[in-house]
Number of protein chains: 2
Amino acid sequence: MKKLINEVANVLTESLDGFAAAHANIVTLGAEHKFIARKVLKPGKVALLSGGGSGHEPLHAGFVGHGMLDAACAGQVFTSPTPDQMIAAADAVDTGAGVLFIVKNYEGDLMNFEMAREMSGRDIETVITDDDVAVENSLYTTGRRGVAGTLVVEKIVGAAAELGADLKTLKALGDRVNRSTRSMGVALTSCTVPAAGKPTFDIGPDEMEMGVGIHGEPGRRRVALKSADEIAEEMVAAIAGDLGQTGDALLFVNGFGGTPAMELYLMYHAAQTQLAKHGIRPVRSLVGSYVTSLDMAGCSITVTMLDDELARGWDAPVHTSALRWGL
Amino acid sequence: MKKLINEVANVLTESLDGFAAAHANIVTLGAEHKFIARKVLKPGKVALLSGGGSGHEPLHAGFVGHGMLDAACAGQVFTSPTPDQMIAAADAVDTGAGVLFIVKNYEGDLMNFEMAREMSGRDIETVITDDDVAVENSLYTTGRRGVAGTLVVEKIVGAAAELGADLKTLKALGDRVNRSTRSMGVALTSCTVPAAGKPTFDIGPDEMEMGVGIHGEPGRRRVALKSADEIAEEMVAAIAGDLGQTGDALLFVNGFGGTPAMELYLMYHAAQTQLAKHGIRPVRSLVGSYVTSLDMAGCSITVTMLDDELARGWDAPVHTSALRWGL
């Protein structure tokens, strides 16, 4: 295993220390590394709280700030954060208007966020993201997995929260963004979890995993590596077929960590061409490694169908370490 | 070779097509894929033009936009763009106040930018970046290599150009930012150039290349992989020793493409600790994969000593696809 680390046991805390220091104008680090919180809270605003296993950076801590999350809880790599982290974070950022949990659909995350909700005594609603069309149930989920579409939910709900929407409204909006969003991924290589010290899965030099999850979980099938156009064709067909809609959309091409920007832009071009065949027109774009799987090579395609309300939410000002515009 | 591509010959053009489509609100693509230009030019402003081989994305096209570059010319992977690209780009973005070339110190780039300057007949000055302290001469350079510090030059000079500084002033400022900036890199793996189809260099499973260049060129030495703290100690000592200054600085931890954000933030933490020993205090930060070497795992550390003028230039609004704040 080749990684820029010291002791495996300290990877998460040293990384969070660096993150908090590098972005001290935007965030603060909670005691005992329990959470990253927005530096300046907005009294009366519903607090948005997310989290999950580490290894997907910049998700979620990179999205803490104005117009997006109020706090993010990081577990160990690919391991759910604990309820006490979520309770401490909610205590730190709830200014009285309640808390919205945004949770990717994995059993460990769901269980711990639900336990935190019950124990905290606060007014809490939960949006569960499950945008991955690759598989219906999987290694760590009942139902579909929550993947890169979670960023879109956090962005659009974050914008509405900033404008003063109440907890029930935000819960309904989050569910609607999730329903308007589909994703699918492909892996060319495995990731390597520091504590494991070896690749999560074996994959041949000419193979790819279609429909891979963001922890390297199996997807639809292991097949021979195809061209970018063929990969985009299959992924877009799965996404568009499941959406069953035509019209304006956000096209988000997400790198898993080990894939260069050149390839992501090439995939954007390929995906855009395929979407046209399905009557979907990208009017907003995001390209980059935002919801990663450590050093895994590959990418995912996410499509969110946009109406005026969702487009406005996407365009609204945001000031986080990983997404920043209009401020 | 596992890459998300179609034909090797079309990687650059398809990637540029995707880039131009994804960021159509910021950039336009020149005829025959010769350059990426800022969509809305500012009459009377000195035009900033950079470029180089592809494979370092988002450098340089990702830095085209308000407050940074007016145009960027992309060559094939790790291959200089040609003089006719630079002349076409200068023709497209020069609004009468002249053109500043910002060129990384590589022989091919220098030769072609110089030829373009002579042939264009325009009023052109050139800033050459050579921030890499690892080696004095190298595979492709006489003198030091220009690496991630080029981003800092483009940002700070771009801010001054936006405020109306003239060509001579910008040339002097660019040289000053370059002199205030030092970088050093480390590679854990090689990159793979699409046209070559195999890794640029061989490296053992327990080795790293200290002082590596951004094309995988040899650095100072091949040694056994060390801890992040030990790596940061050596890199910061080389940078701080060469700078010979103490005080406030920008600390920029740059990923080479294959290294997760978790590790980059861990390295930021380690570098900050080491800088304190040399009397250098990071008051501005940038962490991410901005000046890459395709899929190479590793990172570089860049330090720019800041006075009030340089800090203002760094903080000034910027609106490009890869760097965006204040707008």
# chains A, B, ... in the order shown; residues from 1 in each chain; ligands from 1
>>> closest_atom_pairs(of="stretch 226-282 of chain A", to="stretch 199-217 of chain A", cutoff="10 Å", atoms="only C-alpha atoms", output="tab-separated table")
residue	atom	partner	partner_atom	distance
A:Lys226	CA	A:Met208	CA	8.2
A:Ile231	CA	A:Met210	CA	8.4
A:Glu234	CA	A:Met210	CA	9.0
A:Met235	CA	A:Gly211	CA	8.1
A:Ala238	CA	A:Gly211	CA	9.9
A:Phe256	CA	A:Ile214	CA	7.7
>>> write_last_selection(atoms="C-alpha atoms", output="PDB file, in the first residue's frame")
ATOM      1  CA  LYS A 226     -15.011  -0.700 -23.331  1.00  0.00           C
ATOM      2  CA  ILE A 231     -19.600   3.080 -21.270  1.00  0.00           C
ATOM      3  CA  GLU A 234     -24.868   2.014 -21.113  1.00  0.00           C
ATOM      4  CA  MET A 235     -24.807   4.276 -18.068  1.00  0.00           C
ATOM      5  CA  ALA A 238     -29.835   2.980 -17.389  1.00  0.00           C
ATOM      6  CA  PHE A 256     -13.890   8.386  -8.055  1.00  0.00           C
TER       7      PHE A 256
END
>>> residues_around(residues="A:Gly149", least_positions_apart="6", cutoff="9 Å", atoms="only C-alpha atoms", output="number ranges by chain")
A: 129-132, 177-178, 181-183, 252, 291, 302-304
>>> atom_distance(atom1="atom CA of A:Lys34", atom2="atom CA of A:Phe63")
16.3 Å
>>> interface_residues(of="chain A", to="chain B", cutoff="7 Å", atoms="only C-alpha atoms", output="PyMOL selection string")
chain A and resi 2+4-6+14-15+17-19+22+55+57-58+188+227-229+257-263+265-266+268-269+285+294-295+324-327
>>> select_by_dssp(residues="stretch 152-195 of chain A", states="alpha helix (DSSP H)", output="number ranges by chain")
A: 152-162, 167-179
>>> write_last_selection(atoms="N, CA and C atoms", output="PDB file, in the first residue's frame")
ATOM      1  N   VAL A 152     -26.108  16.786  -4.888  1.00  0.00           N
ATOM      2  CA  VAL A 152     -27.151  17.620  -5.491  1.00  0.00           C
ATOM      3  C   VAL A 152     -28.247  17.910  -4.464  1.00  0.00           C
ATOM      4  N   VAL A 153     -28.610  16.892  -3.688  1.00  0.00           N
ATOM      5  CA  VAL A 153     -29.601  17.088  -2.620  1.00  0.00           C
ATOM      6  C   VAL A 153     -29.084  18.123  -1.621  1.00  0.00           C
ATOM      7  N   GLU A 154     -27.836  17.959  -1.198  1.00  0.00           N
ATOM      8  CA  GLU A 154     -27.278  18.877  -0.199  1.00  0.00           C
ATOM      9  C   GLU A 154     -27.229  20.314  -0.732  1.00  0.00           C
ATOM     10  N   LYS A 155     -26.908  20.454  -2.021  1.00  0.00           N
ATOM     11  CA  LYS A 155     -26.807  21.800  -2.599  1.00  0.00           C
ATOM     12  C   LYS A 155     -28.170  22.475  -2.695  1.00  0.00           C
ATOM     13  N   ILE A 156     -29.151  21.792  -3.232  1.00  0.00           N
ATOM     14  CA  ILE A 156     -30.452  22.428  -3.489  1.00  0.00           C
ATOM     15  C   ILE A 156     -31.223  22.635  -2.188  1.00  0.00           C
ATOM     16  N   VAL A 157     -31.176  21.665  -1.288  1.00  0.00           N
ATOM     17  CA  VAL A 157     -31.833  21.830   0.015  1.00  0.00           C
ATOM     18  C   VAL A 157     -31.109  22.904   0.826  1.00  0.00           C
ATOM     19  N   GLY A 158     -29.787  22.930   0.703  1.00  0.00           N
ATOM     20  CA  GLY A 158     -29.012  23.958   1.418  1.00  0.00           C
ATOM     21  C   GLY A 158     -29.413  25.363   1.007  1.00  0.00           C
ATOM     22  N   ALA A 159     -29.677  25.545  -0.282  1.00  0.00           N
ATOM     23  CA  ALA A 159     -30.085  26.873  -0.777  1.00  0.00           C
ATOM     24  C   ALA A 159     -31.430  27.271  -0.184  1.00  0.00           C
ATOM     25  N   ALA A 160     -32.362  26.323  -0.136  1.00  0.00           N
ATOM     26  CA  ALA A 160     -33.691  26.635   0.411  1.00  0.00           C
ATOM     27  C   ALA A 160     -33.612  26.911   1.910  1.00  0.00           C
ATOM     28  N   ALA A 161     -32.770  26.171   2.611  1.00  0.00           N
ATOM     29  CA  ALA A 161     -32.608  26.400   4.054  1.00  0.00           C
ATOM     30  C   ALA A 161     -32.068  27.803   4.303  1.00  0.00           C
ATOM     31  N   GLU A 162     -31.124  28.214   3.453  1.00  0.00           N
ATOM     32  CA  GLU A 162     -30.531  29.551   3.593  1.00  0.00           C
ATOM     33  C   GLU A 162     -31.591  30.636   3.440  1.00  0.00           C
ATOM     34  N   LEU A 167     -38.523  23.094   8.358  1.00  0.00           N
ATOM     35  CA  LEU A 167     -38.027  21.713   8.350  1.00  0.00           C
ATOM     36  C   LEU A 167     -38.865  20.792   7.459  1.00  0.00           C
ATOM     37  N   LYS A 168     -40.199  20.897   7.547  1.00  0.00           N
ATOM     38  CA  LYS A 168     -41.056  20.020   6.735  1.00  0.00           C
ATOM     39  C   LYS A 168     -40.876  20.311   5.247  1.00  0.00           C
ATOM     40  N   THR A 169     -40.769  21.577   4.923  1.00  0.00           N
ATOM     41  CA  THR A 169     -40.572  21.977   3.522  1.00  0.00           C
ATOM     42  C   THR A 169     -39.253  21.434   2.995  1.00  0.00           C
ATOM     43  N   LEU A 170     -38.208  21.518   3.814  1.00  0.00           N
ATOM     44  CA  LEU A 170     -36.887  21.044   3.380  1.00  0.00           C
ATOM     45  C   LEU A 170     -36.869  19.529   3.223  1.00  0.00           C
ATOM     46  N   LYS A 171     -37.531  18.846   4.143  1.00  0.00           N
ATOM     47  CA  LYS A 171     -37.632  17.373   4.036  1.00  0.00           C
ATOM     48  C   LYS A 171     -38.318  17.005   2.705  1.00  0.00           C
ATOM     49  N   ALA A 172     -39.405  17.684   2.396  1.00  0.00           N
ATOM     50  CA  ALA A 172     -40.138  17.381   1.159  1.00  0.00           C
ATOM     51  C   ALA A 172     -39.289  17.729  -0.069  1.00  0.00           C
ATOM     52  N   LEU A 173     -38.578  18.848  -0.009  1.00  0.00           N
ATOM     53  CA  LEU A 173     -37.723  19.242  -1.129  1.00  0.00           C
ATOM     54  C   LEU A 173     -36.588  18.233  -1.320  1.00  0.00           C
ATOM     55  N   GLY A 174     -35.977  17.822  -0.236  1.00  0.00           N
ATOM     56  CA  GLY A 174     -34.890  16.847  -0.331  1.00  0.00           C
ATOM     57  C   GLY A 174     -35.355  15.546  -0.958  1.00  0.00           C
ATOM     58  N   ASP A 175     -36.527  15.089  -0.531  1.00  0.00           N
ATOM     59  CA  ASP A 175     -37.072  13.856  -1.122  1.00  0.00           C
ATOM     60  C   ASP A 175     -37.341  14.051  -2.611  1.00  0.00           C
ATOM     61  N   ARG A 176     -37.801  15.248  -2.977  1.00  0.00           N
ATOM     62  CA  ARG A 176     -38.102  15.510  -4.385  1.00  0.00           C
ATOM     63  C   ARG A 176     -36.818  15.568  -5.231  1.00  0.00           C
ATOM     64  N   VAL A 177     -35.781  16.205  -4.704  1.00  0.00           N
ATOM     65  CA  VAL A 177     -34.512  16.234  -5.445  1.00  0.00           C
ATOM     66  C   VAL A 177     -33.983  14.815  -5.615  1.00  0.00           C
ATOM     67  N   ASN A 178     -34.051  14.029  -4.548  1.00  0.00           N
ATOM     68  CA  ASN A 178     -33.589  12.644  -4.633  1.00  0.00           C
ATOM     69  C   ASN A 178     -34.367  11.862  -5.696  1.00  0.00           C
ATOM     70  N   ARG A 179     -35.693  12.068  -5.743  1.00  0.00           N
ATOM     71  CA  ARG A 179     -36.510  11.359  -6.742  1.00  0.00           C
ATOM     72  C   ARG A 179     -36.223  11.828  -8.167  1.00  0.00           C
TER      73      ARG A 179
END
>>> atom_distance(atom1="atom CA of A:Val93", atom2="atom CA of A:Thr79")
23.1 Å
>>> residues_around(residues="B:Phe113", least_positions_apart="2", cutoff="9 Å", atoms="only C-alpha atoms", output="list of chain:residue names")
B:Pro81, B:Thr82, B:Pro83, B:Met86, B:Ile87, B:Phe101, B:Val103, B:Gly108, B:Asp109, B:Leu110, B:Met111, B:Met115, B:Ala116, B:Arg117, B:Glu118, B:Thr126
>>> write_last_selection(atoms="all heavy atoms", output="compact mmCIF listing (two decimals), in the first residue's frame")
# COMPACT_ATOMS: atom_id res chain seq x y z
N PRO B 81 2.21 22.99 -26.88
CA PRO B 81 1.36 23.50 -27.96
C PRO B 81 2.25 24.18 -29.00
O PRO B 81 3.42 24.47 -28.74
CB PRO B 81 0.44 24.50 -27.26
CG PRO B 81 1.14 24.86 -25.99
CD PRO B 81 2.03 23.71 -25.62
N THR B 82 1.71 24.43 -30.18
CA THR B 82 2.50 24.97 -31.28
C THR B 82 2.33 26.49 -31.38
O THR B 82 1.34 27.04 -30.91
CB THR B 82 2.05 24.32 -32.60
OG1 THR B 82 0.63 24.47 -32.73
CG2 THR B 82 2.39 22.83 -32.60
N PRO B 83 3.30 27.16 -32.02
CA PRO B 83 3.22 28.62 -32.13
C PRO B 83 1.93 29.10 -32.79
O PRO B 83 1.38 30.14 -32.41
CB PRO B 83 4.45 28.97 -32.98
CG PRO B 83 5.42 27.88 -32.69
CD PRO B 83 4.59 26.65 -32.53
N MET B 86 -0.72 29.54 -30.26
CA MET B 86 -0.52 30.72 -29.39
C MET B 86 -0.84 32.01 -30.13
O MET B 86 -1.42 32.93 -29.56
CB MET B 86 0.93 30.74 -28.91
CG MET B 86 1.29 29.50 -28.08
SD MET B 86 3.05 29.14 -28.17
CE MET B 86 3.13 27.52 -27.39
N ILE B 87 -0.49 32.05 -31.43
CA ILE B 87 -0.79 33.24 -32.23
C ILE B 87 -2.30 33.39 -32.40
O ILE B 87 -2.85 34.49 -32.25
CB ILE B 87 -0.07 33.16 -33.60
CG1 ILE B 87 1.45 33.25 -33.39
CG2 ILE B 87 -0.55 34.28 -34.54
CD1 ILE B 87 2.27 32.89 -34.62
N PHE B 101 2.51 36.41 -21.80
CA PHE B 101 2.63 34.95 -21.82
C PHE B 101 3.12 34.48 -20.45
O PHE B 101 4.09 35.04 -19.93
CB PHE B 101 3.66 34.50 -22.87
CG PHE B 101 3.22 34.59 -24.31
CD1 PHE B 101 4.15 34.38 -25.33
CD2 PHE B 101 1.90 34.87 -24.67
CE1 PHE B 101 3.78 34.45 -26.67
CE2 PHE B 101 1.51 34.95 -26.01
CZ PHE B 101 2.46 34.74 -27.01
N VAL B 103 4.65 31.12 -18.95
CA VAL B 103 5.20 29.90 -19.54
C VAL B 103 5.98 29.12 -18.49
O VAL B 103 6.87 29.68 -17.84
CB VAL B 103 6.12 30.24 -20.73
CG1 VAL B 103 6.61 28.97 -21.41
CG2 VAL B 103 5.42 31.16 -21.72
N GLY B 108 10.65 23.02 -24.82
CA GLY B 108 9.68 23.06 -25.92
C GLY B 108 8.71 24.22 -25.78
O GLY B 108 8.42 24.93 -26.75
N ASP B 109 8.22 24.43 -24.57
CA ASP B 109 7.28 25.53 -24.33
C ASP B 109 7.96 26.87 -24.59
O ASP B 109 7.41 27.75 -25.26
CB ASP B 109 6.75 25.49 -22.90
CG ASP B 109 5.79 24.33 -22.65
OD1 ASP B 109 5.25 23.79 -23.64
OD2 ASP B 109 5.58 23.97 -21.49
N LEU B 110 9.16 27.04 -24.05
CA LEU B 110 9.87 28.31 -24.21
C LEU B 110 10.09 28.62 -25.69
O LEU B 110 9.85 29.74 -26.15
CB LEU B 110 11.24 28.26 -23.53
CG LEU B 110 11.28 28.27 -22.02
CD1 LEU B 110 12.71 28.50 -21.54
CD2 LEU B 110 10.36 29.34 -21.46
N MET B 111 10.54 27.62 -26.44
CA MET B 111 10.84 27.81 -27.86
C MET B 111 9.59 28.20 -28.63
O MET B 111 9.60 29.15 -29.42
CB MET B 111 11.43 26.51 -28.42
CG MET B 111 11.98 26.61 -29.81
SD MET B 111 12.69 25.02 -30.33
CE MET B 111 11.19 24.02 -30.48
N MET B 115 8.76 31.77 -30.36
CA MET B 115 8.48 31.84 -31.80
C MET B 115 7.15 32.56 -32.05
O MET B 115 7.05 33.41 -32.94
CB MET B 115 8.44 30.42 -32.38
CG MET B 115 8.72 30.35 -33.88
SD MET B 115 8.73 28.63 -34.47
CE MET B 115 10.02 27.90 -33.49
N ALA B 116 6.17 32.25 -31.25
CA ALA B 116 4.86 32.91 -31.39
C ALA B 116 4.98 34.40 -31.13
O ALA B 116 4.37 35.22 -31.83
CB ALA B 116 3.84 32.29 -30.43
N ARG B 117 5.77 34.76 -30.13
CA ARG B 117 5.96 36.17 -29.80
C ARG B 117 6.57 36.91 -31.00
O ARG B 117 6.10 37.98 -31.40
CB ARG B 117 6.88 36.32 -28.58
CG ARG B 117 6.91 37.73 -27.98
CD ARG B 117 7.95 37.86 -26.88
NE ARG B 117 9.31 37.71 -27.39
CZ ARG B 117 10.00 38.65 -28.03
NH1 ARG B 117 9.45 39.83 -28.27
NH2 ARG B 117 11.23 38.41 -28.45
N GLU B 118 7.59 36.30 -31.59
CA GLU B 118 8.28 36.95 -32.72
C GLU B 118 7.37 37.05 -33.94
O GLU B 118 7.38 38.05 -34.65
CB GLU B 118 9.55 36.16 -33.08
CG GLU B 118 10.65 36.34 -32.05
CD GLU B 118 11.83 35.40 -32.31
OE1 GLU B 118 11.86 34.73 -33.36
OE2 GLU B 118 12.73 35.34 -31.44
N THR B 126 6.86 38.05 -21.54
CA THR B 126 6.78 36.66 -21.08
C THR B 126 7.27 36.52 -19.65
O THR B 126 8.35 37.04 -19.31
CB THR B 126 7.64 35.74 -21.99
OG1 THR B 126 7.18 35.87 -23.34
CG2 THR B 126 7.53 34.29 -21.56
>>> atom_distance(atom1="atom CA of B:Glu114", atom2="atom CA of B:Gly67")
24.7 Å
>>> select_by_dssp(residues="stretch 198-256 of chain A", states="strand (DSSP E or B)", output="list of chain:residue names")
A:Pro199, A:Glu207, A:Met208, A:Glu209, A:Met210, A:Arg221, A:Arg222, A:Val223, A:Ala224, A:Gly247, A:Asp248, A:Ala249, A:Leu250, A:Leu251, A:Phe252, A:Val253, A:Asn254, A:Gly255
>>> write_last_selection(atoms="N, CA and C atoms", output="PDB file, in the first residue's frame")
ATOM      1  N   PRO A 199      -5.890  -3.822  -1.995  1.00  0.00           N
ATOM      2  CA  PRO A 199      -7.078  -3.437  -2.752  1.00  0.00           C
ATOM      3  C   PRO A 199      -8.335  -4.151  -2.253  1.00  0.00           C
ATOM      4  N   GLU A 207     -10.385  -5.417 -17.426  1.00  0.00           N
ATOM      5  CA  GLU A 207     -11.773  -5.486 -16.967  1.00  0.00           C
ATOM      6  C   GLU A 207     -12.229  -4.175 -16.335  1.00  0.00           C
ATOM      7  N   MET A 208     -13.558  -4.028 -16.288  1.00  0.00           N
ATOM      8  CA  MET A 208     -14.148  -2.933 -15.512  1.00  0.00           C
ATOM      9  C   MET A 208     -15.378  -3.466 -14.781  1.00  0.00           C
ATOM     10  N   GLU A 209     -15.757  -2.763 -13.706  1.00  0.00           N
ATOM     11  CA  GLU A 209     -16.930  -3.139 -12.925  1.00  0.00           C
ATOM     12  C   GLU A 209     -18.038  -2.133 -13.214  1.00  0.00           C
ATOM     13  N   MET A 210     -19.026  -2.549 -14.005  1.00  0.00           N
ATOM     14  CA  MET A 210     -20.128  -1.647 -14.356  1.00  0.00           C
ATOM     15  C   MET A 210     -21.121  -1.586 -13.206  1.00  0.00           C
ATOM     16  N   ARG A 221     -22.156  -6.029 -13.346  1.00  0.00           N
ATOM     17  CA  ARG A 221     -21.367  -7.132 -13.869  1.00  0.00           C
ATOM     18  C   ARG A 221     -19.943  -6.681 -14.167  1.00  0.00           C
ATOM     19  N   ARG A 222     -19.080  -7.670 -14.189  1.00  0.00           N
ATOM     20  CA  ARG A 222     -17.675  -7.467 -14.526  1.00  0.00           C
ATOM     21  C   ARG A 222     -17.519  -7.762 -16.007  1.00  0.00           C
ATOM     22  N   VAL A 223     -17.071  -6.790 -16.773  1.00  0.00           N
ATOM     23  CA  VAL A 223     -16.955  -6.992 -18.225  1.00  0.00           C
ATOM     24  C   VAL A 223     -15.628  -6.439 -18.732  1.00  0.00           C
ATOM     25  N   ALA A 224     -15.334  -6.758 -19.982  1.00  0.00           N
ATOM     26  CA  ALA A 224     -14.123  -6.233 -20.608  1.00  0.00           C
ATOM     27  C   ALA A 224     -14.236  -4.717 -20.739  1.00  0.00           C
ATOM     28  N   GLY A 247     -36.249  16.489 -20.942  1.00  0.00           N
ATOM     29  CA  GLY A 247     -36.232  17.908 -20.576  1.00  0.00           C
ATOM     30  C   GLY A 247     -34.872  18.370 -20.100  1.00  0.00           C
ATOM     31  N   ASP A 248     -34.865  19.486 -19.361  1.00  0.00           N
ATOM     32  CA  ASP A 248     -33.624  20.093 -18.887  1.00  0.00           C
ATOM     33  C   ASP A 248     -33.104  19.371 -17.651  1.00  0.00           C
ATOM     34  N   ALA A 249     -31.780  19.282 -17.569  1.00  0.00           N
ATOM     35  CA  ALA A 249     -31.194  18.540 -16.460  1.00  0.00           C
ATOM     36  C   ALA A 249     -29.833  19.093 -16.075  1.00  0.00           C
ATOM     37  N   LEU A 250     -29.415  18.722 -14.880  1.00  0.00           N
ATOM     38  CA  LEU A 250     -28.038  18.878 -14.439  1.00  0.00           C
ATOM     39  C   LEU A 250     -27.289  17.601 -14.812  1.00  0.00           C
ATOM     40  N   LEU A 251     -26.147  17.746 -15.474  1.00  0.00           N
ATOM     41  CA  LEU A 251     -25.280  16.598 -15.758  1.00  0.00           C
ATOM     42  C   LEU A 251     -24.022  16.724 -14.907  1.00  0.00           C
ATOM     43  N   PHE A 252     -23.821  15.745 -14.057  1.00  0.00           N
ATOM     44  CA  PHE A 252     -22.715  15.751 -13.097  1.00  0.00           C
ATOM     45  C   PHE A 252     -21.857  14.517 -13.383  1.00  0.00           C
ATOM     46  N   VAL A 253     -20.657  14.750 -13.900  1.00  0.00           N
ATOM     47  CA  VAL A 253     -19.703  13.657 -14.126  1.00  0.00           C
ATOM     48  C   VAL A 253     -18.707  13.691 -12.975  1.00  0.00           C
ATOM     49  N   ASN A 254     -18.712  12.648 -12.184  1.00  0.00           N
ATOM     50  CA  ASN A 254     -17.970  12.590 -10.924  1.00  0.00           C
ATOM     51  C   ASN A 254     -16.821  11.597 -11.002  1.00  0.00           C
ATOM     52  N   GLY A 255     -15.619  12.038 -10.693  1.00  0.00           N
ATOM     53  CA  GLY A 255     -14.475  11.139 -10.632  1.00  0.00           C
ATOM     54  C   GLY A 255     -14.417  10.429  -9.297  1.00  0.00           C
TER      55      GLY A 255
END
>>> decode(residues="stretch 42-48 of chain A", atoms="all heavy atoms", output="CSV table (one decimal), in the first residue's frame")
chain,number,residue,atom,x,y,z
A,42,LYS,N,-26.4,30.6,11.3
A,42,LYS,CA,-27.4,31.6,10.9
A,42,LYS,C,-28.6,31.3,11.8
A,42,LYS,O,-29.3,30.3,11.6
A,42,LYS,CB,-27.7,31.4,9.5
A,42,LYS,CG,-28.6,32.5,8.9
A,42,LYS,CD,-28.6,32.4,7.4
A,42,LYS,CE,-29.5,33.5,6.8
A,42,LYS,NZ,-29.5,33.4,5.3
A,43,PRO,N,-28.8,32.1,12.9
A,43,PRO,CA,-29.9,31.8,13.8
A,43,PRO,C,-31.2,31.8,13.1
A,43,PRO,O,-31.5,32.6,12.2
A,43,PRO,CB,-29.8,33.0,14.8
A,43,PRO,CG,-28.4,33.5,14.7
A,43,PRO,CD,-28.0,33.3,13.2
A,44,GLY,N,-32.0,30.8,13.5
A,44,GLY,CA,-33.4,30.6,12.9
A,44,GLY,C,-33.4,29.8,11.7
A,44,GLY,O,-34.5,29.4,11.2
A,45,LYS,N,-32.2,29.4,11.1
A,45,LYS,CA,-32.2,28.6,9.9
A,45,LYS,C,-32.2,27.1,10.4
A,45,LYS,O,-31.6,26.7,11.3
A,45,LYS,CB,-30.9,28.8,9.2
A,45,LYS,CG,-30.8,28.2,7.8
A,45,LYS,CD,-29.4,28.3,7.2
A,45,LYS,CE,-28.4,27.3,7.6
A,45,LYS,NZ,-28.7,25.9,7.0
A,46,VAL,N,-33.0,26.3,9.6
A,46,VAL,CA,-32.9,24.8,9.9
A,46,VAL,C,-31.4,24.4,9.6
A,46,VAL,O,-30.8,24.8,8.6
A,46,VAL,CB,-33.8,24.1,8.9
A,46,VAL,CG1,-33.6,22.6,9.0
A,46,VAL,CG2,-35.3,24.5,9.2
A,47,ALA,N,-30.9,23.6,10.5
A,47,ALA,CA,-29.5,23.1,10.4
A,47,ALA,C,-29.5,21.8,9.5
A,47,ALA,O,-30.3,20.9,9.7
A,47,ALA,CB,-28.9,22.8,11.7
A,48,LEU,N,-28.6,21.8,8.5
A,48,LEU,CA,-28.5,20.6,7.7
A,48,LEU,C,-27.2,19.8,8.1
A,48,LEU,O,-26.1,20.4,8.2
A,48,LEU,CB,-28.3,21.0,6.2
A,48,LEU,CG,-29.5,21.1,5.4
A,48,LEU,CD1,-30.6,22.0,6.0
A,48,LEU,CD2,-29.2,21.6,4.0
